[in-house]
Every structure is written in structure tokens, then in C-alpha cells.
Amino acid sequence: KMSVKQNIFMARVADQAERYEDMVELLRQVIVTKEDDLSSEERNLLSVGFKNLISSARSAWRTVGAIEQNDKYKEYSQDCANYKVKIGQELEQKCKTVIDIIKKHSLPKATEDDSKTFYLKMIGDYYRYIAENAVGASLDEATAGALDYYEQATKAGESLKPYNSTKLGLALNYSVFYYEVKKDIPKACSLAGDALEIAKQNIDDMDNEDARDALSIVELLKENLSLWQEEDEQD
């Protein structure tokens, strides 16, 4: 049996080798073995592993969807639709694996508000990824799950500084959820706009490390907000 240090090193190796299922399994062993919560660096590694685990399925689903919509391939649109269902089921299974690991092993060990917010946001994210590609009962369940955990994350993050990167990342992803899944542009704009406004008022208090993480998220919030406002005006 490998030590926590060995598992973390091998998880980094698996990441370099693009063996993401191995990476997630190695990190799962770290989470289960450690009595305390993960460090900030370990949490970020976990985030990368989980994201990479599902990114190829998300990208495949979008690619097949684009071909399905292309009039040139109209005669194959049903075949593409069936294939999309298969990819969607794989994606849902992987997302549920991630949700399960965090709910069972990570969240119960989280004591700091930053860490709790990070995990609750992550559960919301993976329900959102399911919701983006689901239909029917699966869609309803995933939408409700995302909403619930984003709300819980918002409450858990109330004590965090406005420019904390976890808090800003939550505002970014929660607003994307309202835009992509709920199709509620005004609500998406208000979430993104409020986060930007409060962060701007507190920007002078940031140190260099805070600033580096926060500013990249602020840029994404700005981009989304301007696109969504434009779309809202056109509607």
C-alpha cells in the first residue's frame, strides 16, 4: 500500500500521462486515507483530476451534437442522437462518481469555510455538468442538485473575502448554471454583476497571490456579463 505522499506523486505522473481515471483513483485513496482535510494544493490537484476525467466526454457530446444539427448529415441525425445518449450516460456516471467521492469522503472532513465552499461548489458543478447534457427525470434531478449545492456553497462562503478565488469561482459557475441550464439570463447577469461589483470595491486589499487567482476569474465574469447583457438586450 502506497503512502499519501506516493499517491500524490503518482497522481501527478498519471496527470502528465493523461491517465485521468488512474489519477482520480489515486487521489480517492489519498482522500480516504488522510484523517484531515486535503491541503489547498491537494484540493487543486483533485479539481484538475476530476475535470480531466470528464472533459473528453463533455467535448465528445458537443462535437456529436454539432454534427447532428448539420443539415448536410440530416439522414444520420438519429444515429448521432443515439450516440449522444450513450456519451451522455457515460458522462453522468463519471460525474456521479465524483459527487459520491466528495459527499462521502471530502465534505465530512472539511472544517474551514474555504474548504467547505470549495467542496459544495464542486458538487454543484458536477450536477451542472450532468444537467447540461441530460433530459427528462435526469435533467430535473441534476438541476435540483446543482441549485441545492450552489445555494449551500453560497451560504458556506459568506465569511470569505469578496475576492477569494473560491468565492469568485462559485459566482462564475453559479451564474453559468443560470444561463446554460435554467435559461435565466437576468439572474445570471445579476449573480455575475454583484460578484464583480463587490470584488471591485475590495480590490485594494488584495495581496499578490490573491490578485493573481482573482483577476483571471474577474476577467471571465466580465466577458460572460457583457455577452449575456448583449443577448438579453437583443431578446
# chains A, B, ... in the order shown; residues from 1 in each chain; ligands from 1
$ residues_around --residues "Glu223 of chain A" --least-positions-apart "4" --cutoff "12 Å" --atoms "only C-alpha atoms" --output "PyMOL selection string"
chain A and resi 172+176+189+192-193+196+216-219+227-230
$ write_last_selection --atoms "N, CA and C atoms" --output "PDB file, in the first residue's frame"
ATOM      1  N   LEU A 172     -18.957  32.696 -10.597  1.00  0.00           N
ATOM      2  CA  LEU A 172     -18.803  32.428 -12.035  1.00  0.00           C
ATOM      3  C   LEU A 172     -19.639  31.208 -12.446  1.00  0.00           C
ATOM      4  N   VAL A 176     -23.178  30.785 -14.594  1.00  0.00           N
ATOM      5  CA  VAL A 176     -23.208  29.953 -15.816  1.00  0.00           C
ATOM      6  C   VAL A 176     -24.352  28.939 -15.737  1.00  0.00           C
ATOM      7  N   CYS A 189     -26.950  37.375 -15.051  1.00  0.00           N
ATOM      8  CA  CYS A 189     -26.298  38.702 -15.074  1.00  0.00           C
ATOM      9  C   CYS A 189     -26.206  39.284 -13.667  1.00  0.00           C
ATOM     10  N   ALA A 192     -23.405  37.442 -11.611  1.00  0.00           N
ATOM     11  CA  ALA A 192     -22.067  37.811 -12.093  1.00  0.00           C
ATOM     12  C   ALA A 192     -21.767  39.279 -11.765  1.00  0.00           C
ATOM     13  N   GLY A 193     -22.755  40.143 -12.001  1.00  0.00           N
ATOM     14  CA  GLY A 193     -22.577  41.583 -11.777  1.00  0.00           C
ATOM     15  C   GLY A 193     -22.329  41.914 -10.312  1.00  0.00           C
ATOM     16  N   LEU A 196     -18.815  40.872  -9.253  1.00  0.00           N
ATOM     17  CA  LEU A 196     -17.829  41.804  -9.812  1.00  0.00           C
ATOM     18  C   LEU A 196     -17.796  43.117  -9.039  1.00  0.00           C
ATOM     19  N   SER A 216      -8.007  36.531 -12.912  1.00  0.00           N
ATOM     20  CA  SER A 216      -8.366  35.686 -14.068  1.00  0.00           C
ATOM     21  C   SER A 216      -9.862  35.340 -14.028  1.00  0.00           C
ATOM     22  N   ILE A 217     -10.406  35.130 -12.814  1.00  0.00           N
ATOM     23  CA  ILE A 217     -11.850  34.825 -12.696  1.00  0.00           C
ATOM     24  C   ILE A 217     -12.672  36.084 -12.976  1.00  0.00           C
ATOM     25  N   VAL A 218     -12.182  37.233 -12.496  1.00  0.00           N
ATOM     26  CA  VAL A 218     -12.852  38.510 -12.742  1.00  0.00           C
ATOM     27  C   VAL A 218     -12.983  38.761 -14.251  1.00  0.00           C
ATOM     28  N   GLU A 219     -11.915  38.449 -14.998  1.00  0.00           N
ATOM     29  CA  GLU A 219     -11.958  38.619 -16.463  1.00  0.00           C
ATOM     30  C   GLU A 219     -13.055  37.753 -17.092  1.00  0.00           C
ATOM     31  N   LEU A 227     -21.407  39.515 -22.717  1.00  0.00           N
ATOM     32  CA  LEU A 227     -22.105  38.692 -23.725  1.00  0.00           C
ATOM     33  C   LEU A 227     -23.578  38.505 -23.366  1.00  0.00           C
ATOM     34  N   TRP A 228     -23.828  38.207 -22.097  1.00  0.00           N
ATOM     35  CA  TRP A 228     -25.206  37.940 -21.654  1.00  0.00           C
ATOM     36  C   TRP A 228     -26.071  39.197 -21.713  1.00  0.00           C
ATOM     37  N   GLN A 229     -25.492  40.338 -21.344  1.00  0.00           N
ATOM     38  CA  GLN A 229     -26.266  41.594 -21.379  1.00  0.00           C
ATOM     39  C   GLN A 229     -26.651  41.939 -22.817  1.00  0.00           C
ATOM     40  N   GLU A 230     -25.699  41.704 -23.721  1.00  0.00           N
ATOM     41  CA  GLU A 230     -25.952  41.951 -25.148  1.00  0.00           C
ATOM     42  C   GLU A 230     -27.103  41.057 -25.637  1.00  0.00           C
TER      43      GLU A 230
END
$ residues_around --residues "Ser56 of chain A" --least-positions-apart "2" --cutoff "12 Å" --atoms "only C-alpha atoms" --output "PDB file with all heavy atoms, in the first residue's frame"
ATOM      1  N   GLU A  18      -1.768  11.664 -18.944  1.00  0.00           N
ATOM      2  CA  GLU A  18      -3.167  11.773 -19.377  1.00  0.00           C
ATOM      3  C   GLU A  18      -3.970  10.503 -19.072  1.00  0.00           C
ATOM      4  O   GLU A  18      -4.835  10.089 -19.842  1.00  0.00           O
ATOM      5  CB  GLU A  18      -3.259  12.161 -20.864  1.00  0.00           C
ATOM      6  CG  GLU A  18      -2.657  13.527 -21.146  1.00  0.00           C
ATOM      7  CD  GLU A  18      -2.802  13.979 -22.591  1.00  0.00           C
ATOM      8  OE1 GLU A  18      -3.504  13.313 -23.373  1.00  0.00           O
ATOM      9  OE2 GLU A  18      -2.184  15.007 -22.933  1.00  0.00           O
ATOM     10  N   ARG A  19      -3.652   9.889 -17.924  1.00  0.00           N
ATOM     11  CA  ARG A  19      -4.393   8.698 -17.448  1.00  0.00           C
ATOM     12  C   ARG A  19      -5.295   9.161 -16.308  1.00  0.00           C
ATOM     13  O   ARG A  19      -4.999   8.977 -15.126  1.00  0.00           O
ATOM     14  CB  ARG A  19      -3.405   7.627 -16.966  1.00  0.00           C
ATOM     15  CG  ARG A  19      -2.458   7.117 -18.033  1.00  0.00           C
ATOM     16  CD  ARG A  19      -3.011   5.936 -18.769  1.00  0.00           C
ATOM     17  NE  ARG A  19      -3.229   4.789 -17.874  1.00  0.00           N
ATOM     18  CZ  ARG A  19      -3.743   3.635 -18.266  1.00  0.00           C
ATOM     19  NH1 ARG A  19      -4.122   3.480 -19.522  1.00  0.00           N
ATOM     20  NH2 ARG A  19      -3.913   2.647 -17.413  1.00  0.00           N
ATOM     21  N   TYR A  20      -6.405   9.795 -16.694  1.00  0.00           N
ATOM     22  CA  TYR A  20      -7.188  10.526 -15.697  1.00  0.00           C
ATOM     23  C   TYR A  20      -7.992   9.617 -14.762  1.00  0.00           C
ATOM     24  O   TYR A  20      -8.212   9.969 -13.612  1.00  0.00           O
ATOM     25  CB  TYR A  20      -8.069  11.571 -16.388  1.00  0.00           C
ATOM     26  CG  TYR A  20      -7.237  12.563 -17.173  1.00  0.00           C
ATOM     27  CD1 TYR A  20      -7.395  12.736 -18.549  1.00  0.00           C
ATOM     28  CD2 TYR A  20      -6.226  13.291 -16.527  1.00  0.00           C
ATOM     29  CE1 TYR A  20      -6.597  13.618 -19.253  1.00  0.00           C
ATOM     30  CE2 TYR A  20      -5.423  14.173 -17.238  1.00  0.00           C
ATOM     31  CZ  TYR A  20      -5.614  14.338 -18.595  1.00  0.00           C
ATOM     32  OH  TYR A  20      -4.810  15.204 -19.303  1.00  0.00           O
ATOM     33  N   GLU A  21      -8.405   8.456 -15.252  1.00  0.00           N
ATOM     34  CA  GLU A  21      -9.115   7.538 -14.348  1.00  0.00           C
ATOM     35  C   GLU A  21      -8.175   7.038 -13.256  1.00  0.00           C
ATOM     36  O   GLU A  21      -8.564   6.918 -12.092  1.00  0.00           O
ATOM     37  CB  GLU A  21      -9.752   6.394 -15.143  1.00  0.00           C
ATOM     38  CG  GLU A  21     -10.878   6.927 -16.004  1.00  0.00           C
ATOM     39  CD  GLU A  21     -11.787   5.876 -16.606  1.00  0.00           C
ATOM     40  OE1 GLU A  21     -11.576   4.686 -16.329  1.00  0.00           O
ATOM     41  OE2 GLU A  21     -12.704   6.279 -17.350  1.00  0.00           O
ATOM     42  N   PHE A  50     -10.499  15.557 -11.534  1.00  0.00           N
ATOM     43  CA  PHE A  50     -11.931  15.366 -11.795  1.00  0.00           C
ATOM     44  C   PHE A  50     -12.336  16.017 -13.114  1.00  0.00           C
ATOM     45  O   PHE A  50     -13.084  15.449 -13.902  1.00  0.00           O
ATOM     46  CB  PHE A  50     -12.761  15.964 -10.654  1.00  0.00           C
ATOM     47  CG  PHE A  50     -12.767  15.140  -9.382  1.00  0.00           C
ATOM     48  CD1 PHE A  50     -13.109  15.724  -8.166  1.00  0.00           C
ATOM     49  CD2 PHE A  50     -12.456  13.794  -9.386  1.00  0.00           C
ATOM     50  CE1 PHE A  50     -13.135  14.985  -6.986  1.00  0.00           C
ATOM     51  CE2 PHE A  50     -12.472  13.037  -8.222  1.00  0.00           C
ATOM     52  CZ  PHE A  50     -12.819  13.642  -7.020  1.00  0.00           C
ATOM     53  N   LYS A  51     -11.835  17.231 -13.336  1.00  0.00           N
ATOM     54  CA  LYS A  51     -12.204  17.982 -14.542  1.00  0.00           C
ATOM     55  C   LYS A  51     -11.732  17.230 -15.793  1.00  0.00           C
ATOM     56  O   LYS A  51     -12.460  17.117 -16.781  1.00  0.00           O
ATOM     57  CB  LYS A  51     -11.546  19.366 -14.464  1.00  0.00           C
ATOM     58  CG  LYS A  51     -12.140  20.419 -15.366  1.00  0.00           C
ATOM     59  CD  LYS A  51     -13.427  20.976 -14.778  1.00  0.00           C
ATOM     60  CE  LYS A  51     -14.101  21.953 -15.682  1.00  0.00           C
ATOM     61  NZ  LYS A  51     -13.585  23.312 -15.577  1.00  0.00           N
ATOM     62  N   ASN A  52     -10.501  16.720 -15.739  1.00  0.00           N
ATOM     63  CA  ASN A  52      -9.960  15.999 -16.892  1.00  0.00           C
ATOM     64  C   ASN A  52     -10.662  14.667 -17.120  1.00  0.00           C
ATOM     65  O   ASN A  52     -10.777  14.205 -18.260  1.00  0.00           O
ATOM     66  CB  ASN A  52      -8.452  15.777 -16.723  1.00  0.00           C
ATOM     67  CG  ASN A  52      -7.666  17.049 -16.935  1.00  0.00           C
ATOM     68  OD1 ASN A  52      -8.106  17.942 -17.645  1.00  0.00           O
ATOM     69  ND2 ASN A  52      -6.515  17.161 -16.306  1.00  0.00           N
ATOM     70  N   LEU A  53     -11.128  14.068 -16.029  1.00  0.00           N
ATOM     71  CA  LEU A  53     -11.855  12.792 -16.139  1.00  0.00           C
ATOM     72  C   LEU A  53     -13.072  12.934 -17.052  1.00  0.00           C
ATOM     73  O   LEU A  53     -13.393  12.035 -17.821  1.00  0.00           O
ATOM     74  CB  LEU A  53     -12.293  12.329 -14.731  1.00  0.00           C
ATOM     75  CG  LEU A  53     -13.114  11.035 -14.665  1.00  0.00           C
ATOM     76  CD1 LEU A  53     -12.246   9.819 -14.976  1.00  0.00           C
ATOM     77  CD2 LEU A  53     -13.765  10.870 -13.292  1.00  0.00           C
ATOM     78  N   ILE A  54     -13.740  14.084 -16.957  1.00  0.00           N
ATOM     79  CA  ILE A  54     -14.994  14.231 -17.718  1.00  0.00           C
ATOM     80  C   ILE A  54     -14.862  15.113 -18.958  1.00  0.00           C
ATOM     81  O   ILE A  54     -15.779  15.186 -19.759  1.00  0.00           O
ATOM     82  CB  ILE A  54     -16.126  14.785 -16.820  1.00  0.00           C
ATOM     83  CG1 ILE A  54     -15.798  16.207 -16.354  1.00  0.00           C
ATOM     84  CG2 ILE A  54     -16.422  13.886 -15.651  1.00  0.00           C
ATOM     85  CD1 ILE A  54     -17.022  17.034 -16.090  1.00  0.00           C
ATOM     86  N   ARG A  58     -17.457  15.493 -22.244  1.00  0.00           N
ATOM     87  CA  ARG A  58     -18.192  16.749 -22.485  1.00  0.00           C
ATOM     88  C   ARG A  58     -17.919  17.261 -23.896  1.00  0.00           C
ATOM     89  O   ARG A  58     -18.830  17.674 -24.619  1.00  0.00           O
ATOM     90  CB  ARG A  58     -17.769  17.825 -21.479  1.00  0.00           C
ATOM     91  CG  ARG A  58     -18.318  17.632 -20.086  1.00  0.00           C
ATOM     92  CD  ARG A  58     -17.877  18.755 -19.166  1.00  0.00           C
ATOM     93  NE  ARG A  58     -18.763  19.893 -19.240  1.00  0.00           N
ATOM     94  CZ  ARG A  58     -18.417  21.135 -18.902  1.00  0.00           C
ATOM     95  NH1 ARG A  58     -17.192  21.394 -18.490  1.00  0.00           N
ATOM     96  NH2 ARG A  58     -19.281  22.122 -18.971  1.00  0.00           N
ATOM     97  N   SER A  59     -16.642  17.179 -24.283  1.00  0.00           N
ATOM     98  CA  SER A  59     -16.246  17.661 -25.602  1.00  0.00           C
ATOM     99  C   SER A  59     -16.840  16.764 -26.700  1.00  0.00           C
ATOM    100  O   SER A  59     -17.329  17.247 -27.731  1.00  0.00           O
ATOM    101  CB  SER A  59     -14.725  17.700 -25.655  1.00  0.00           C
ATOM    102  OG  SER A  59     -14.268  17.672 -26.945  1.00  0.00           O
ATOM    103  N   ALA A  60     -16.825  15.441 -26.474  1.00  0.00           N
ATOM    104  CA  ALA A  60     -17.393  14.487 -27.452  1.00  0.00           C
ATOM    105  C   ALA A  60     -18.883  14.736 -27.644  1.00  0.00           C
ATOM    106  O   ALA A  60     -19.393  14.720 -28.773  1.00  0.00           O
ATOM    107  CB  ALA A  60     -17.151  13.054 -26.967  1.00  0.00           C
ATOM    108  N   TRP A  61     -19.583  14.985 -26.542  1.00  0.00           N
ATOM    109  CA  TRP A  61     -21.034  15.222 -26.596  1.00  0.00           C
ATOM    110  C   TRP A  61     -21.334  16.456 -27.451  1.00  0.00           C
ATOM    111  O   TRP A  61     -22.232  16.434 -28.294  1.00  0.00           O
ATOM    112  CB  TRP A  61     -21.565  15.407 -25.168  1.00  0.00           C
ATOM    113  CG  TRP A  61     -23.056  15.317 -25.053  1.00  0.00           C
ATOM    114  CD1 TRP A  61     -23.817  14.204 -24.833  1.00  0.00           C
ATOM    115  CD2 TRP A  61     -23.997  16.407 -25.159  1.00  0.00           C
ATOM    116  NE1 TRP A  61     -25.149  14.520 -24.792  1.00  0.00           N
ATOM    117  CE2 TRP A  61     -25.295  15.867 -24.992  1.00  0.00           C
ATOM    118  CE3 TRP A  61     -23.860  17.781 -25.374  1.00  0.00           C
ATOM    119  CZ2 TRP A  61     -26.446  16.653 -25.029  1.00  0.00           C
ATOM    120  CZ3 TRP A  61     -25.012  18.569 -25.424  1.00  0.00           C
ATOM    121  CH2 TRP A  61     -26.284  18.010 -25.242  1.00  0.00           C
ATOM    122  N   ARG A  62     -20.528  17.512 -27.266  1.00  0.00           N
ATOM    123  CA  ARG A  62     -20.747  18.746 -28.044  1.00  0.00           C
ATOM    124  C   ARG A  62     -20.443  18.535 -29.526  1.00  0.00           C
ATOM    125  O   ARG A  62     -21.147  19.034 -30.397  1.00  0.00           O
ATOM    126  CB  ARG A  62     -19.886  19.886 -27.482  1.00  0.00           C
ATOM    127  CG  ARG A  62     -20.434  20.476 -26.185  1.00  0.00           C
ATOM    128  CD  ARG A  62     -19.760  21.802 -25.850  1.00  0.00           C
ATOM    129  NE  ARG A  62     -18.369  21.611 -25.461  1.00  0.00           N
ATOM    130  CZ  ARG A  62     -17.942  21.512 -24.204  1.00  0.00           C
ATOM    131  NH1 ARG A  62     -18.805  21.584 -23.214  1.00  0.00           N
ATOM    132  NH2 ARG A  62     -16.676  21.355 -23.934  1.00  0.00           N
ATOM    133  N   THR A  63     -19.367  17.766 -29.808  1.00  0.00           N
ATOM    134  CA  THR A  63     -18.972  17.501 -31.200  1.00  0.00           C
ATOM    135  C   THR A  63     -20.066  16.734 -31.942  1.00  0.00           C
ATOM    136  O   THR A  63     -20.466  17.104 -33.050  1.00  0.00           O
ATOM    137  CB  THR A  63     -17.647  16.695 -31.239  1.00  0.00           C
ATOM    138  OG1 THR A  63     -16.637  17.449 -30.579  1.00  0.00           O
ATOM    139  CG2 THR A  63     -17.215  16.408 -32.661  1.00  0.00           C
ATOM    140  N   ILE A  87     -22.968   8.701 -24.898  1.00  0.00           N
ATOM    141  CA  ILE A  87     -21.913   9.553 -24.311  1.00  0.00           C
ATOM    142  C   ILE A  87     -22.444  10.247 -23.057  1.00  0.00           C
ATOM    143  O   ILE A  87     -21.747  10.333 -22.042  1.00  0.00           O
ATOM    144  CB  ILE A  87     -21.408  10.598 -25.337  1.00  0.00           C
ATOM    145  CG1 ILE A  87     -20.757   9.903 -26.536  1.00  0.00           C
ATOM    146  CG2 ILE A  87     -20.408  11.555 -24.697  1.00  0.00           C
ATOM    147  CD1 ILE A  87     -20.530  10.804 -27.739  1.00  0.00           C
ATOM    148  N   GLY A  88     -23.692  10.708 -23.137  1.00  0.00           N
ATOM    149  CA  GLY A  88     -24.315  11.391 -22.003  1.00  0.00           C
ATOM    150  C   GLY A  88     -24.410  10.493 -20.778  1.00  0.00           C
ATOM    151  O   GLY A  88     -24.193  10.941 -19.648  1.00  0.00           O
ATOM    152  N   GLU A  90     -22.398   7.929 -20.095  1.00  0.00           N
ATOM    153  CA  GLU A  90     -21.022   7.781 -19.584  1.00  0.00           C
ATOM    154  C   GLU A  90     -20.625   8.997 -18.743  1.00  0.00           C
ATOM    155  O   GLU A  90     -20.041   8.865 -17.664  1.00  0.00           O
ATOM    156  CB  GLU A  90     -20.025   7.666 -20.748  1.00  0.00           C
ATOM    157  CG  GLU A  90     -19.882   6.273 -21.313  1.00  0.00           C
ATOM    158  CD  GLU A  90     -18.978   6.277 -22.550  1.00  0.00           C
ATOM    159  OE1 GLU A  90     -18.066   7.123 -22.645  1.00  0.00           O
ATOM    160  OE2 GLU A  90     -19.213   5.436 -23.439  1.00  0.00           O
ATOM    161  N   LEU A  91     -20.952  10.174 -19.265  1.00  0.00           N
ATOM    162  CA  LEU A  91     -20.635  11.419 -18.568  1.00  0.00           C
ATOM    163  C   LEU A  91     -21.350  11.474 -17.215  1.00  0.00           C
ATOM    164  O   LEU A  91     -20.739  11.809 -16.191  1.00  0.00           O
ATOM    165  CB  LEU A  91     -21.053  12.612 -19.439  1.00  0.00           C
ATOM    166  CG  LEU A  91     -20.853  14.012 -18.847  1.00  0.00           C
ATOM    167  CD1 LEU A  91     -19.383  14.286 -18.586  1.00  0.00           C
ATOM    168  CD2 LEU A  91     -21.411  15.073 -19.775  1.00  0.00           C
ATOM    169  N   LYS A  94     -19.650   9.213 -14.677  1.00  0.00           N
ATOM    170  CA  LYS A  94     -18.387   9.777 -14.168  1.00  0.00           C
ATOM    171  C   LYS A  94     -18.659  10.930 -13.192  1.00  0.00           C
ATOM    172  O   LYS A  94     -17.988  11.047 -12.164  1.00  0.00           O
ATOM    173  CB  LYS A  94     -17.512  10.264 -15.331  1.00  0.00           C
ATOM    174  CG  LYS A  94     -16.869   9.101 -16.091  1.00  0.00           C
ATOM    175  CD  LYS A  94     -16.050   9.578 -17.275  1.00  0.00           C
ATOM    176  CE  LYS A  94     -15.343   8.407 -17.943  1.00  0.00           C
ATOM    177  NZ  LYS A  94     -14.584   8.798 -19.133  1.00  0.00           N
TER     178      LYS A  94
END
$ residues_around --residues "segment 157-166 of chain A" --least-positions-apart "3" --cutoff "9 Å" --atoms "only C-alpha atoms" --output "list in words"
Asp113, Asp114, Ser115, Lys116, Thr117, Phe118, Lys121, Gln152, Ala153, Thr154, Gly169, Leu170, Ala171, Ala195, Leu196, Ile198, Ala199, Lys200, Gln201, Asn202, Ile203, Met206, Asp210, Ala211, Asp213, Ala214, Leu215, Ile217 and Val218 of chain A
$ closest_atom_pairs --of "segment 51-121 of chain A" --to "segment 134-144 of chain A" --cutoff "9 Å" --atoms "only C-alpha atoms" --output "JSON lines"
{"residue": "A:Val85", "atom": "CA", "partner": "A:Ala134", "partner_atom": "CA", "distance": 8.6}
{"residue": "A:Gly88", "atom": "CA", "partner": "A:Ala134", "partner_atom": "CA", "distance": 6.9}
{"residue": "A:Gln89", "atom": "CA", "partner": "A:Ala134", "partner_atom": "CA", "distance": 8.5}
{"residue": "A:Glu92", "atom": "CA", "partner": "A:Ala134", "partner_atom": "CA", "distance": 8.3}
$ write_last_selection --atoms "C-alpha atoms" --output "PDB file, in the first residue's frame"
ATOM      1  CA  VAL A  85     -27.309   9.405 -25.410  1.00  0.00           C
ATOM      2  CA  GLY A  88     -24.315  11.391 -22.003  1.00  0.00           C
ATOM      3  CA  GLN A  89     -24.799   8.252 -19.889  1.00  0.00           C
ATOM      4  CA  GLU A  92     -23.406  11.128 -15.977  1.00  0.00           C
TER       5      GLU A  92
END
$ residues_around --residues "Leu191 of chain A" --least-positions-apart "3" --cutoff "8 Å" --atoms "only C-alpha atoms" --output "list in words"
Ala171, Tyr174, Ser175, Lys187, Ala188, Asp194 and Ala195 of chain A
$ closest_residue --among "A:His105, A:Lys182, A:Arg212, A:Lys155" --to "Lys34 of chain A" --atoms "only C-alpha atoms"
A:His105
$ closest_residue --among "A:Gly49, A:Ile101, A:Glu231, A:Tyr119" --to "Asp22 of chain A" --atoms "only C-alpha atoms"
A:Gly49
$ residues_around --residues "Glu35 of chain A" --least-positions-apart "6" --cutoff "12 Å" --atoms "only C-alpha atoms" --output "count of residues only"
7
$ select_by_dssp --residues "segment 77-146 of chain A" --states "alpha helix (DSSP H)" --output "ChimeraX atom specification"
/A:77-101,113-133,136-146
$ residues_around --residues "Lys104 of chain A" --least-positions-apart "6" --cutoff "12 Å" --atoms "only C-alpha atoms" --output "VMD selection string"
chain A and resid 28 31 to 32 96 to 98 110 119 123
$ decode --residues "segment 159-177 of chain A" --atoms "N, CA, C and O atoms" --output "short mmCIF file (atom, residue, chain, number, x, y, z; two decimals), in the first residue's frame"
data_model
loop_
_atom_site.label_atom_id
_atom_site.label_comp_id
_atom_site.auth_asym_id
_atom_site.auth_seq_id
_atom_site.Cartn_x
_atom_site.Cartn_y
_atom_site.Cartn_z
N SER A 159 -18.55 34.12 4.82
CA SER A 159 -17.48 34.72 5.63
C SER A 159 -16.20 35.00 4.81
O SER A 159 -15.29 35.67 5.29
N LEU A 160 -16.12 34.47 3.59
CA LEU A 160 -14.90 34.62 2.79
C LEU A 160 -14.81 36.03 2.20
O LEU A 160 -15.83 36.67 1.96
N LYS A 161 -13.59 36.47 1.95
CA LYS A 161 -13.38 37.79 1.35
C LYS A 161 -14.00 37.82 -0.06
O LYS A 161 -13.98 36.80 -0.75
N PRO A 162 -14.51 38.97 -0.49
CA PRO A 162 -15.17 39.06 -1.81
C PRO A 162 -14.27 38.65 -2.97
O PRO A 162 -14.75 38.22 -4.02
N TYR A 163 -12.94 38.81 -2.81
CA TYR A 163 -12.03 38.47 -3.90
C TYR A 163 -11.38 37.10 -3.69
O TYR A 163 -10.45 36.73 -4.40
N ASN A 164 -11.87 36.34 -2.69
CA ASN A 164 -11.39 34.96 -2.51
C ASN A 164 -11.68 34.18 -3.79
O ASN A 164 -12.79 34.25 -4.33
N SER A 165 -10.69 33.42 -4.29
CA SER A 165 -10.86 32.78 -5.61
C SER A 165 -11.95 31.70 -5.59
O SER A 165 -12.62 31.50 -6.60
N THR A 166 -12.13 31.02 -4.45
CA THR A 166 -13.21 30.02 -4.36
C THR A 166 -14.56 30.71 -4.47
O THR A 166 -15.47 30.26 -5.17
N LYS A 167 -14.68 31.85 -3.77
CA LYS A 167 -15.95 32.60 -3.77
C LYS A 167 -16.26 33.17 -5.16
O LYS A 167 -17.39 33.10 -5.63
N LEU A 168 -15.23 33.72 -5.81
CA LEU A 168 -15.42 34.26 -7.16
C LEU A 168 -15.72 33.14 -8.17
O LEU A 168 -16.55 33.29 -9.04
N GLY A 169 -15.02 32.01 -8.01
CA GLY A 169 -15.25 30.86 -8.88
C GLY A 169 -16.67 30.33 -8.74
O GLY A 169 -17.30 29.91 -9.72
N LEU A 170 -17.18 30.39 -7.51
CA LEU A 170 -18.57 29.97 -7.25
C LEU A 170 -19.54 30.92 -7.98
O LEU A 170 -20.47 30.45 -8.66
N ALA A 171 -19.30 32.22 -7.87
CA ALA A 171 -20.18 33.19 -8.55
C ALA A 171 -20.15 32.96 -10.07
O ALA A 171 -21.19 33.01 -10.74
N LEU A 172 -18.96 32.70 -10.60
CA LEU A 172 -18.80 32.43 -12.03
C LEU A 172 -19.64 31.21 -12.45
O LEU A 172 -20.45 31.27 -13.37
N ASN A 173 -19.46 30.09 -11.73
CA ASN A 173 -20.11 28.84 -12.13
C ASN A 173 -21.61 28.85 -11.85
O ASN A 173 -22.40 28.29 -12.61
N TYR A 174 -22.00 29.50 -10.75
CA TYR A 174 -23.43 29.60 -10.41
C TYR A 174 -24.15 30.43 -11.47
O TYR A 174 -25.25 30.10 -11.91
N SER A 175 -23.51 31.51 -11.92
CA SER A 175 -24.13 32.35 -12.96
C SER A 175 -24.21 31.58 -14.29
O SER A 175 -25.21 31.68 -15.01
N VAL A 176 -23.18 30.79 -14.59
CA VAL A 176 -23.21 29.95 -15.82
C VAL A 176 -24.35 28.94 -15.74
O VAL A 176 -25.04 28.68 -16.73
N PHE A 177 -24.59 28.39 -14.54
CA PHE A 177 -25.70 27.45 -14.33
C PHE A 177 -27.03 28.13 -14.70
O PHE A 177 -27.86 27.54 -15.39
#
